[in-house]
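Enquirer: What follows is the file input25.cif, containing mmCIF, C-alpha atoms:
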```cif
data_structure
#
loop_
_atom_site.label_atom_id
_atom_site.label_comp_id
_atom_site.auth_asym_id
_atom_site.auth_seq_id
_atom_site.Cartn_x
_atom_site.Cartn_y
_atom_site.Cartn_z
CA MET A 1 55.98 39.52 33.45
CA CYS A 2 52.25 38.90 33.39
CA PRO A 3 50.97 37.24 30.23
CA ASN A 4 48.59 39.27 28.12
CA PRO A 5 46.05 36.82 26.78
CA ALA A 6 44.62 37.54 23.38
CA SER A 7 41.03 38.62 23.19
CA SER A 8 38.39 36.32 21.81
CA GLY A 9 38.27 38.39 18.63
CA CYS A 10 41.93 37.78 17.79
CA HIS A 11 44.22 34.86 17.07
CA TRP A 12 47.04 33.82 19.41
CA ASP A 13 49.45 36.19 17.64
CA GLY A 14 47.12 39.17 18.05
CA SER A 15 45.92 39.24 14.44
CA PRO A 16 42.20 39.95 14.07
CA ARG A 17 39.92 37.00 13.57
CA HIS A 18 37.41 37.49 10.79
CA PRO A 19 34.78 34.74 10.77
CA ARG A 20 33.73 33.54 7.37
CA HIS A 21 30.05 33.68 6.76
CA SER A 22 28.56 31.11 4.42
CA ARG A 23 27.30 32.65 1.23
CA PRO A 24 24.27 31.07 -0.44
CA LEU A 25 24.64 30.00 -4.06
CA ARG A 26 22.21 31.62 -6.46
CA VAL A 27 21.66 31.63 -10.19
CA ALA A 28 21.35 34.98 -11.94
CA PRO A 29 17.92 35.48 -13.56
CA THR A 30 19.63 36.34 -16.88
CA SER A 31 21.81 33.23 -16.90
CA PRO A 32 21.05 30.88 -19.81
CA SER A 33 22.01 27.93 -17.61
CA ARG A 34 20.11 27.02 -14.43
CA LEU A 35 22.97 24.88 -13.16
CA LEU A 36 25.12 25.74 -10.18
CA ARG A 37 28.81 25.18 -10.83
CA ALA A 38 29.11 23.63 -7.37
CA GLY A 39 28.60 19.90 -7.72
CA GLN A 40 29.22 19.82 -11.48
CA SER A 41 32.58 18.08 -11.20
CA GLY A 42 33.00 14.34 -11.15
CA ARG A 43 35.20 11.42 -12.15
CA CYS A 44 35.26 9.66 -15.49
CA ARG A 45 33.94 6.11 -15.22
CA ARG A 46 36.52 4.85 -17.70
CA CYS A 47 39.74 6.45 -16.47
CA GLY A 48 38.88 7.91 -13.05
CA ASN A 49 40.23 11.38 -13.86
CA ARG A 50 38.41 14.55 -12.94
CA ILE A 51 35.90 16.03 -15.41
CA ASP A 52 33.67 19.10 -15.40
CA PHE A 53 30.14 18.97 -16.78
CA TYR A 54 28.64 21.78 -18.83
CA GLN A 55 25.50 22.25 -20.86
CA ARG A 56 25.54 22.71 -24.60
CA ALA A 57 23.21 24.97 -26.54
CA ASP A 58 20.80 22.05 -27.02
CA GLN A 59 20.81 21.41 -23.23
CA ARG A 60 22.75 18.17 -23.64
CA PRO A 61 25.59 17.60 -21.15
CA ILE A 62 29.22 17.35 -22.17
CA ALA A 63 32.25 16.41 -20.09
CA ARG A 64 35.19 18.77 -20.37
CA HIS A 65 38.81 18.63 -19.27
CA PRO A 66 39.06 20.87 -16.17
CA ALA A 67 42.11 22.83 -17.37
CA GLU A 68 42.22 25.32 -20.22
CA MET A 69 44.49 24.73 -23.19
CA ALA A 70 46.38 27.13 -25.39
CA THR A 71 44.46 27.56 -28.63
CA THR A 72 47.60 27.11 -30.74
CA ARG A 73 48.09 23.60 -29.28
CA VAL A 74 44.55 22.35 -29.91
CA PRO A 75 43.15 21.37 -33.33
CA ASP A 76 40.23 23.39 -34.62
CA SER A 77 37.82 20.45 -34.32
CA CYS A 78 38.58 20.08 -30.58
CA ARG A 79 38.25 23.72 -29.53
CA TRP A 80 35.38 24.71 -27.26
CA HIS A 81 34.62 27.86 -25.29
CA LEU A 82 32.25 28.87 -22.49
CA SER A 83 29.80 31.73 -22.57
CA GLY A 84 27.28 32.25 -19.79
CA GLY A 85 27.81 28.70 -18.51
CA ILE A 86 27.05 27.18 -21.95
CA ALA A 87 29.68 25.25 -23.94
CA TYR A 88 30.01 26.00 -27.66
CA PRO A 89 31.99 23.81 -30.12
CA HIS A 90 34.37 26.42 -31.53
CA SER A 91 36.90 28.97 -30.41
CA ASP A 92 35.91 32.45 -29.26
CA GLY A 93 39.02 34.10 -30.65
CA SER A 94 40.94 34.14 -27.37
CA ALA A 95 44.31 32.53 -26.65
CA TRP A 96 42.72 29.81 -24.50
CA CYS A 97 40.06 27.20 -25.14
CA ARG A 98 38.41 24.16 -23.59
CA ILE A 99 38.69 20.58 -24.80
CA PRO A 100 36.31 17.61 -24.41
CA HIS A 101 37.46 14.92 -22.02
CA ALA A 102 36.70 12.23 -24.61
CA VAL A 103 39.66 13.48 -26.68
CA LEU A 104 42.09 12.92 -23.79
CA CYS A 105 40.44 9.99 -21.99
CA PRO A 106 42.84 7.00 -21.79
CA GLY A 107 39.84 4.66 -21.83
CA ASN A 108 38.88 5.70 -25.35
CA ALA A 109 40.65 4.94 -28.59
CA PRO A 110 43.18 7.71 -29.35
CA ALA A 111 41.96 10.28 -31.82
CA ALA A 112 43.94 10.71 -35.00
CA ARG A 113 46.41 13.61 -35.11
CA ILE A 114 45.59 15.35 -31.85
CA GLY A 115 49.05 16.86 -31.64
CA PHE A 116 52.16 16.37 -29.52
CA HIS A 117 50.98 18.50 -26.59
CA LEU A 118 47.62 16.73 -26.29
CA GLU A 119 49.37 13.37 -26.49
CA ALA A 120 51.52 14.42 -23.53
CA VAL A 121 48.43 15.35 -21.52
CA ARG A 122 46.83 12.05 -22.49
CA ARG A 123 49.89 10.14 -21.21
CA GLN A 124 49.70 12.00 -17.89
CA LEU A 125 46.06 11.02 -17.49
CA ALA A 126 46.96 7.43 -18.38
CA LEU A 127 49.56 7.38 -15.58
CA ARG A 128 46.97 8.61 -13.09
CA THR A 129 44.57 5.92 -14.28
CA ARG A 130 47.25 3.28 -13.75
CA ARG A 131 47.84 4.51 -10.18
CA LEU A 132 44.11 4.34 -9.47
CA LEU A 133 43.97 0.80 -10.85
CA ASP A 134 47.03 -0.32 -8.87
CA THR A 135 45.67 1.06 -5.59
CA GLY A 136 42.21 -0.41 -6.18
CA VAL A 137 40.45 2.97 -6.26
CA LEU A 138 39.29 2.42 -9.85
CA ALA A 139 37.81 -0.92 -10.84
CA THR A 140 37.03 -1.63 -14.48
CA PRO A 141 34.45 -4.39 -15.00
CA PRO A 142 35.08 -6.76 -17.92
CA ASP A 143 33.37 -5.86 -21.17
CA ASP A 144 31.78 -9.30 -21.46
CA ALA A 145 30.19 -9.18 -18.01
CA PRO A 146 26.51 -10.13 -18.27
CA THR A 147 23.97 -7.47 -17.37
CA VAL A 148 21.16 -8.51 -15.09
CA GLU A 149 17.83 -6.80 -15.71
CA ALA A 150 15.14 -6.39 -13.11
CA SER A 151 11.49 -5.86 -13.91
CA GLY A 152 12.40 -3.08 -16.34
CA PRO A 153 15.35 -2.15 -18.58
CA ASP A 154 18.47 -0.82 -16.94
CA ARG A 155 18.42 2.11 -19.38
CA PRO A 156 14.88 2.57 -20.69
CA ILE A 157 13.88 4.53 -23.77
CA VAL A 158 11.42 7.29 -22.91
CA GLN A 159 9.25 9.30 -25.29
CA VAL A 160 8.50 12.78 -24.00
CA LEU A 161 7.67 16.06 -25.76
CA LEU A 162 7.65 14.38 -29.19
CA SER A 163 11.23 13.17 -28.72
CA ARG A 164 12.86 9.95 -27.57
CA TYR A 165 15.55 9.86 -24.92
CA LEU A 166 17.73 7.18 -23.38
CA ALA A 167 17.76 7.29 -19.57
CA ASP A 168 20.92 6.70 -17.59
CA SER A 169 19.25 4.48 -14.97
CA PRO A 170 16.03 2.49 -14.41
CA LEU A 171 12.82 4.47 -14.07
CA GLU A 172 12.65 4.08 -10.29
CA ASP A 173 16.25 5.32 -9.87
CA ILE A 174 15.90 8.56 -11.86
CA ARG A 175 16.43 11.24 -9.21
CA CYS A 176 15.49 14.88 -9.14
CA VAL A 177 18.35 17.21 -10.10
CA ALA A 178 17.19 20.24 -8.10
CA GLN A 179 19.03 21.67 -5.12
CA THR A 180 17.44 21.48 -1.67
CA ARG A 181 17.55 24.10 1.07
CA HIS A 182 20.57 22.37 2.59
CA ARG A 183 22.48 22.67 -0.72
CA HIS A 184 22.26 18.98 -1.46
CA ARG A 185 20.73 17.20 -4.41
CA CYS A 186 17.12 16.21 -3.97
CA THR A 187 16.63 12.55 -3.12
CA HIS A 188 13.05 12.28 -4.42
CA PRO A 189 12.44 10.25 -7.58
CA VAL A 190 10.96 11.70 -10.74
CA LEU A 191 8.53 8.77 -10.94
CA ALA A 192 6.26 9.98 -8.15
CA PRO A 193 3.41 7.72 -6.95
CA THR A 194 1.06 10.72 -6.72
CA SER A 195 1.60 11.82 -10.32
CA PRO A 196 0.24 10.21 -13.49
CA ALA A 197 2.55 7.58 -14.91
CA GLY A 198 3.43 6.70 -18.45
CA ALA A 199 2.73 3.46 -20.25
CA TRP A 200 4.93 0.87 -21.88
CA THR A 201 4.16 0.41 -25.55
CA LEU A 202 5.78 -1.00 -28.69
CA LEU A 203 6.78 1.68 -31.18
CA PRO A 204 8.62 1.30 -34.49
CA THR A 205 12.33 1.93 -34.62
CA GLY A 206 12.29 4.83 -37.01
CA PRO A 207 15.50 6.28 -38.50
CA GLN A 208 16.74 9.69 -37.48
CA ARG A 209 17.40 12.44 -39.98
CA GLY A 210 20.29 11.60 -42.27
CA GLN A 211 20.49 7.92 -41.25
CA LEU A 212 20.16 4.84 -43.35
CA THR A 213 16.93 2.89 -43.39
CA LEU A 214 16.66 0.58 -40.38
CA PRO A 215 14.88 -2.79 -40.23
CA ASP A 216 11.17 -2.53 -39.56
CA THR A 217 11.17 -3.63 -35.93
CA SER A 218 9.35 -2.51 -32.81
CA MET A 219 10.93 -1.58 -29.49
CA ALA A 220 9.64 -1.07 -25.96
CA VAL A 221 9.23 2.62 -25.13
CA TYR A 222 8.00 4.23 -21.92
CA ASP A 223 5.52 6.61 -23.50
CA LEU A 224 4.68 9.88 -21.73
CA SER A 225 3.11 11.65 -24.71
CA HIS A 226 -0.44 11.18 -23.38
CA LEU A 227 0.35 13.18 -20.22
CA PRO A 228 -0.25 16.96 -19.93
CA TYR A 229 2.47 19.28 -21.18
CA THR A 230 3.44 20.38 -17.67
CA GLU A 231 3.97 16.77 -16.63
CA GLN A 232 6.08 16.01 -19.70
CA ALA A 233 8.14 19.15 -19.09
CA ARG A 234 8.73 17.97 -15.51
CA TRP A 235 10.13 14.67 -16.79
CA ARG A 236 12.27 16.41 -19.39
CA ALA A 237 13.71 18.72 -16.72
CA GLN A 238 14.13 15.66 -14.42
CA ARG A 239 12.44 17.17 -11.40
CA CYS A 240 10.19 15.82 -8.70
CA PRO A 241 6.68 17.30 -8.36
CA GLY A 242 7.76 19.48 -5.43
CA HIS A 243 10.64 21.16 -7.26
CA ALA A 244 8.69 21.33 -10.51
CA ALA A 245 6.30 23.68 -8.70
CA ALA A 246 9.27 25.90 -7.73
CA PRO A 247 10.85 26.95 -11.04
CA GLY A 248 13.15 29.45 -9.31
CA SER A 249 15.26 26.76 -7.67
CA ALA A 250 18.56 25.88 -9.31
CA ASP A 251 19.74 22.51 -10.54
CA LEU A 252 22.66 20.77 -8.86
CA ALA A 253 23.18 18.09 -11.53
CA GLN A 254 22.71 17.56 -15.23
CA PRO A 255 19.65 15.66 -16.42
CA GLY A 256 20.68 12.16 -17.44
CA TRP A 257 18.84 12.11 -20.76
CA GLN A 258 20.58 11.28 -24.01
CA VAL A 259 18.91 11.87 -27.33
CA PHE A 260 18.08 8.37 -28.51
CA ASP A 261 19.86 7.17 -31.62
CA PRO A 262 18.72 3.72 -32.86
CA LEU A 263 22.16 3.04 -34.33
CA LEU A 264 24.36 4.20 -31.45
CA HIS A 265 22.02 2.80 -28.75
CA ALA A 266 21.09 -0.46 -30.43
CA ALA A 267 22.26 -2.43 -27.39
CA HIS A 268 19.47 -0.86 -25.28
CA ILE A 269 16.61 -1.69 -27.65
CA ARG A 270 14.14 -4.22 -26.21
CA THR A 271 11.55 -5.89 -28.43
CA ARG A 272 9.34 -7.11 -25.56
CA LEU A 273 7.26 -5.11 -23.11
CA PRO A 274 8.66 -5.37 -19.58
CA GLN A 275 6.45 -6.33 -16.66
CA HIS A 276 7.12 -3.02 -15.01
CA PRO A 277 5.36 -2.02 -11.79
CA ALA A 278 5.30 1.61 -12.86
CA SER A 279 2.47 1.13 -15.30
CA ARG A 280 0.66 -1.31 -17.51
CA PRO A 281 1.10 -1.55 -21.26
CA LYS A 282 -1.37 0.21 -23.46
CA ASN A 283 -4.45 -1.65 -24.65
CA GLU A 284 -4.11 -4.14 -21.84
#
```
Go ahead and express the file in the form of structure tokens.
Expert:
Amino acid sequence: MCPNPASSGCHWDGSPRHPRHSRPLRVAPTSPSRLLRAGQSGRCRRCGNRIDFYQRADQRPIARHPAEMATTRVPDSCRWHLSGGIAYPHSDGSAWCRIPHAVLCPGNAPAARIGFHLEAVRRQLALRTRRLLDTGVLATPPDDAPTVEASGPDRPIVQVLLSRYLADSPLEDIRCVAQTRHRHRCTHPVLAPTSPAGAWTLLPTGPQRGQLTLPDTSMAVYDLSHLPYTEQARWRAQRCPGHAAAPGSADLAQPGWQVFDPLLHAAHIRTRLPQHPASRPKNE
């Protein structure tokens, strides 16, 4: 018997071979979120378990547990739902809901009365964390480890668009969050040498709305309020000058800004102006 070789368009068993064509990721023009879901998953720094990042209505990021939970097993204060890629802190009336990762994270103090089912999920995550620690995949630095600062703060306070934010990295390490043509995150920094820079200045530590009166002290702030609006909006969106000129491109990561709270972020307050190469202090 003469063998009948399969054609190039079929597998060895004769089944048709259908090549998969790569499909580009796009964001719908009507979407309230400019983030692509690809690349929005990560690992918790405290426990090493998987988390999914979403935007809230105020454009602040929040880490969520990747799996949905039955609404009857989750307390009302822990129920979240998604609508158009935006996370909202309440239930939408369905039988399923989302839950913040901070409620289940083994690295955080356990919340009071989260229920038997959530405690079981928390124990499962704790077992995974223990396996990661035993195999050396997850390393937890000691809490009393000294932090070494370079020419500038490791997490500077930035004033932009009449608001103050706490950065997640030094100024030189703040990367653009836009997606490139090759579907990777842009490697260009936000602090571009060809764009106007901000200036370090001492500003008073004013209380936020509803807070107690704070001591009358001054803190070092990287002030961008003297820059044009378009430049401040570029910093707030955490984009390099090239991607700021292309507003149609999607974001592949969440901006690392946190709304600055002088009480919660007291450890990052610096009372002296750093000798930062990015700019010179005002009135120098």
Enquirer: In Å, with one decimal, what is the gap from CA of Ser83 (chain A) to CA of Cys97 (chain A)?
Expert: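 That distance, rounded to one decimal, is 11.5 Å.
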Enquirer: From the list A:Arg43, A:Arg98, A:Arg128, A:His243, which residue is nearest Ala67 (chain A) when using only C-alpha atoms?
Expert: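 When distances to Ala67 (chain A) are compared using only C-alpha atoms, the smallest one comes from A:Arg98.
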Enquirer: Separation of CA of Ile157 (chain A) and CA of Ala220 (chain A), in Å?
Expert: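 So the two atoms, CA of Ile157 (chain A) and CA of Ala220 (chain A), lie 7.4 Å apart.
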Enquirer: Quick one: residues within 12 Å of Arg64 (chain A), all atoms listed in the file, excluding same-chain residues fewer than 6 positions away - as a PyMOL selection string?
Expert: chain A and resi 40-44+49-56+78-82+86-89+97-105
Enquirer: Measuring atom to atom with all atoms listed in the file, identify which of A:Ser195, A:Ser163, A:Thr271, A:Ser218 is nearest to Cys240 (chain A).
Expert: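 The answer is A:Ser195, which sits nearest to Cys240 (chain A).
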Enquirer: Residues picked by the PyMOL selection byres ((chain A and resi 244) around 10) here, as a PyMOL selection string?
Expert: chain A and resi 176+178+190+230-231+233-235+237-243+245-249
Enquirer: Kindly give the distance, in Å, that separates CA of Tyr229 (chain A) and CA of Leu161 (chain A), rounded to a single decimal.
Expert: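 That distance, rounded to one decimal, is 7.6 Å.
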Enquirer: Can you list, as an MDAnalysis selection string, the residues that the PyMOL selection byres ((chain A and resi 266) around 12) selects here?
Expert: chainID A and resid 155:157 166 205 207 214:215 217 219 260:265 267:271
Enquirer: Measuring atom to atom with all atoms listed in the file, identify which of A:Ala95, A:Ile62, A:Leu132, A:Ala120 is nearest to Cys47 (chain A).
Expert: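 Checking each candidate against Cys47 (chain A), we get A:Leu132 as the closest.
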Enquirer: From the options A:Thr71, A:Arg181, A:Gly107, A:Arg46, which residue's atoms come nearest to His90 (chain A), counting only C-alpha atoms?
Expert: A:Thr71
Enquirer: Please write the residues picked by the PyMOL selection byres ((chain A and resi 113) around 12) on this file as a ChimeraX atom specification.
Expert: /A:73-78,103,110-112,114-119
Enquirer: If we count only C-alpha atoms, what is near Val221 (chain A) at a cut-off of 7 Å, once residues fewer than 3 positions away on the same chain are taken out, given as a PyMOL selection string?
Expert: chain A and resi 157-159+200-203
Enquirer: Grab all the atoms of region 114-127 of chain A that the file lists, wrap them in a box along x, y and z, add 6 Å per side, and give me centre plus edge lengths in Å (one decimal) as AutoDock Vina command-line options.
Expert:
```
--center_x 48.9 --center_y 12.9 --center_z -23.7 --size_x 18.6 --size_y 23.1 --size_z 28.3
```
